[in-house]
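Asker: One structure is given below, represented as C-alpha cells, and several questions about it will come after.
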Amino acid sequence: MEEKKSEINGHAGHKNPLPAVSTKSEKNSFKDRFMVFLKRNLLVLLTVSGVLVGVGLGMMVRNMNLSRAQMTYFAFPGEMLLRMLKMIILPLVVCSLISGAASLDTRSLGKLGGIAVSYFLVTTLIASSIGVALAFIIKPGVGAGALNTNNLGLEGVSSNRETADSFLDLARYHLVKEMNVPYGADADGMNILGLVLFAMVFGVALRKLGAEGEELIRFFNAFNEATMVLVSWIMWYVPFGIMFLVGSKIVEMEDVVLLVTSLGKYIFASILGHIIHGGIVLPLIYFGFTRANPFSFLSGLITPFTTAFATCSSSATLPTMMKCVEENNGVDKRISRFILPIGATVNMDGAAIFQCVAAVFIAQLNNVELNAGQIFTILVTATASSVGAAGIPAGGIITIAIILEAIGLPTHDLSLMLAVDWIVDRTTTVVNVEGDALGAGILHHINEQEMKKQRQQEQHQEEQELEEVKVEVVANVKAEEETSPLVTCQNQGDSSSRETLDDKDGVESVL
C-alpha cells in the first residue's frame, strides 16, 4: 500500500518526474534571461544593425547613379538625425553644466575641475606623442612626392595667415569662416566653449546666492531632466537615422580606391594611433585610478560609440553619452553633467593623434626634415589647439593649419586630409568620446573615495566627541562627590559615626 501510495503521489523510483520539471524551469529561465538581455540591449543591437544595413544599402544605391537631388533625398533621414542631436546640444550643455556646477560645493568643484583639466591635458599630450611617434615609424609621406592635389582632383587650400592670428582665432572661434576651408558645416556655429565657461560660472554664482538661488537651480534641474527625456526619445530614432547617414556617405564617395591607395599609410597610421590610445592607453589610465575593468565600463557605451562613428561629432554624441554613462555605468549625475560637456569641448585625444600624423605626413611629403624644436612645437600646438577644436565633423582639419603655420609648412596640402577625413574622422570621434567617458568614470571614483573619507572622518570626530563627553561626565561626577554639601555632610556624618564606634570599641576593651 505504501509503494502504491508513493507511486500515485509520484515519488517512486524511476517514475520521479522532478528532472522533467527542472528541465522546463531551465528552459523558462533561459528564455527569461534572453528576453531580459534583448530588452536591455535592444537599442544597441538596432544601432549596430543600422550601421551594417547602411553599408549594404549604400553599396546598392551607389550603383544606381543617383542625381544630386536624389542623393539629397536619400540622405534626408540621416540629416534629420544630425539636426535633432544638434537641436538638443544647446539646452543640454547649458542646463547640465549649471545644475552640475550648482550642485557641487565650491571646494569640490575646484578640485574636480583641476583633476579633469589635468586628465584632459595629460591624455591629449600622450595622444599627440603617439601620433608623432607613429608618423616617424610608418613614414606615410616618404616616397609620396608624386601625391599632389592635381592627381586626385582636389582643390588647394590657400592661407596667408600668421601663426599669432591662428591662435587668436581659437579664442574668437571664427577660424572656419575666415580661412575659407571647404567644409560641410555651418560657418557660424555655436560657441560651445563660451557656453561652457558661462554655464560653469553661472552655476557657481547661483550656489553663492544660497536660498535665493534655490528656485533657479531647481528650474535648471527640471529643465535638464526634461531634456534627457527628449534625448531618450531621439535615441530610438538613432538606428534609422544612422542607416541613412552611413549609406549616404558611401553613395557620395567618388574614387575611393585611388584615395585609399594613395593615402593608405596616412590612414593606417592615424587609425593605428587611435586603436593604441583608445584600446590600451586610456583603459590603462582608467584601471590605474579605479582598479576596475575598463572594458566592462566601455561595454555599456556601445550606443554612443556607434553614434560617434556615424555622426563624426563629439557634440552630437553628447546626449546619448550622458544618458548611457548615468544609466548603464551608474556615474553620478552631478559628475557626468559637469564633466562630459567640458570634455566634448576641450578633450580631443583622437583629433590630436591624426593632427600630429598629418603634420609629419605633410612635412615628409615636402621633404622637410623636422628638428627637435619643431617636433616639440607640434606636440604643444596640437595639445593646445585641440582645446579650441570644434566638436563637429571635420573640426580637427581646421586646427591642422595652425600646426602647419607654427612649424612653417605650407597649408595647400590640407586638401589631401579633407579627401580622406570621412574615414579617419570616425575613429577620431570614437576616441574623443571614449576619453570623455573614462574621465567621467575616473572622477566618479575619486569623488566616491573622497566621500568615504569624509564619512569616516565625521564618524571618527563623532566618536571622539562622545569620548570627550563621557570623560567630562565622569569628571563632573567626581567633582560633585568632592564638592557637594550633601555629600560633604554625609561624609562628615560617616566620619563622626566611625569615631563614636571607635570610642565604644575602646571603652569595651577597657572594661
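Scheme for the C-alpha cells: letters A, B, ... for chains in order shown; per-chain residue numbers from 1; ligand numbers from 1 in order shown.
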Would you pick out the contacts of Met228 in chain A at 9 Å or less, using only C-alpha atoms, so that residues sharing its chain but fewer than 2 positions from it are not included, and give the list as a list of chain:residue names?
Answerer: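 These residues fall inside the cut-off: A:Leu92, A:Phe223, A:Asn224, A:Glu225, A:Ala226, A:Leu230, A:Val231, A:Ser232, A:Trp233, A:Pro319, A:Met322, A:Lys323.
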Asker: Considering only C-alpha atoms, give me a table of residues in range 322-388 of chain A that are at most 9 Å from range 122-131 of chain A, with the closest atom pair and distance in Å for each, as a tab-separated table.
Answerer:
residue	atom	partner	partner_atom	distance
A:Asn347	CA	A:Thr124	CA	7.1
A:Met348	CA	A:Thr124	CA	6.7
A:Asp349	CA	A:Thr124	CA	4.8
A:Gly350	CA	A:Ala127	CA	7.2
A:Ala351	CA	A:Ala127	CA	8.7
A:Ala352	CA	A:Ser128	CA	5.2
A:Ile353	CA	A:Gly131	CA	4.4
A:Phe354	CA	A:Gly131	CA	6.4
A:Gln355	CA	A:Gly131	CA	7.8
A:Cys356	CA	A:Gly131	CA	5.3
A:Val357	CA	A:Gly131	CA	5.2
A:Ala358	CA	A:Gly131	CA	8.8
A:Val360	CA	A:Gly131	CA	9.0
A:Ile378	CA	A:Ser128	CA	8.2
A:Leu379	CA	A:Ser128	CA	5.6
A:Val380	CA	A:Leu125	CA	7.6
A:Ala382	CA	A:Ser128	CA	6.7
A:Thr383	CA	A:Leu125	CA	5.8
A:Ala384	CA	A:Thr124	CA	9.0
A:Ser386	CA	A:Thr124	CA	8.1
Asker: Please report the interatomic distance between CA of Gln449 in chain A and CA of Asn328 in chain A in Å with one decimal.
Answerer: 20.5 Å
Asker: Figure out the distance between CA of Ala101 in chain A and CA of Glu212 in chain A, please, to one decimal in Å.
Answerer: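 Atom-to-atom, CA of Glu212 in chain A and CA of Ala101 in chain A are spaced 16.3 Å apart.
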Asker: Would you work out the distance separating CA of Pro294 in chain A from CA of Val325 in chain A, expressed in Å to one decimal?
Answerer: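 Interatomic distance, CA of Pro294 in chain A to CA of Val325 in chain A: 13.0 Å.
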Asker: Between A:Thr261, A:Ser99, A:Thr290, A:Ser270, which residue has the minimum interatomic distance to Glu448 in chain A, considering only C-alpha atoms?
Answerer: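 Using only C-alpha atoms, Glu448 in chain A sits closest to A:Thr290.
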Asker: Write out as a ChimeraX atom specification each polymer residue whose atoms come within 8 Å of range 335-337 of chain A, counting only C-alpha atoms; drop sequence neighbours fewer than 2 positions from it.
Answerer: /A:96-97,99-100,322,325-326,331-333,339-341,440,443-444
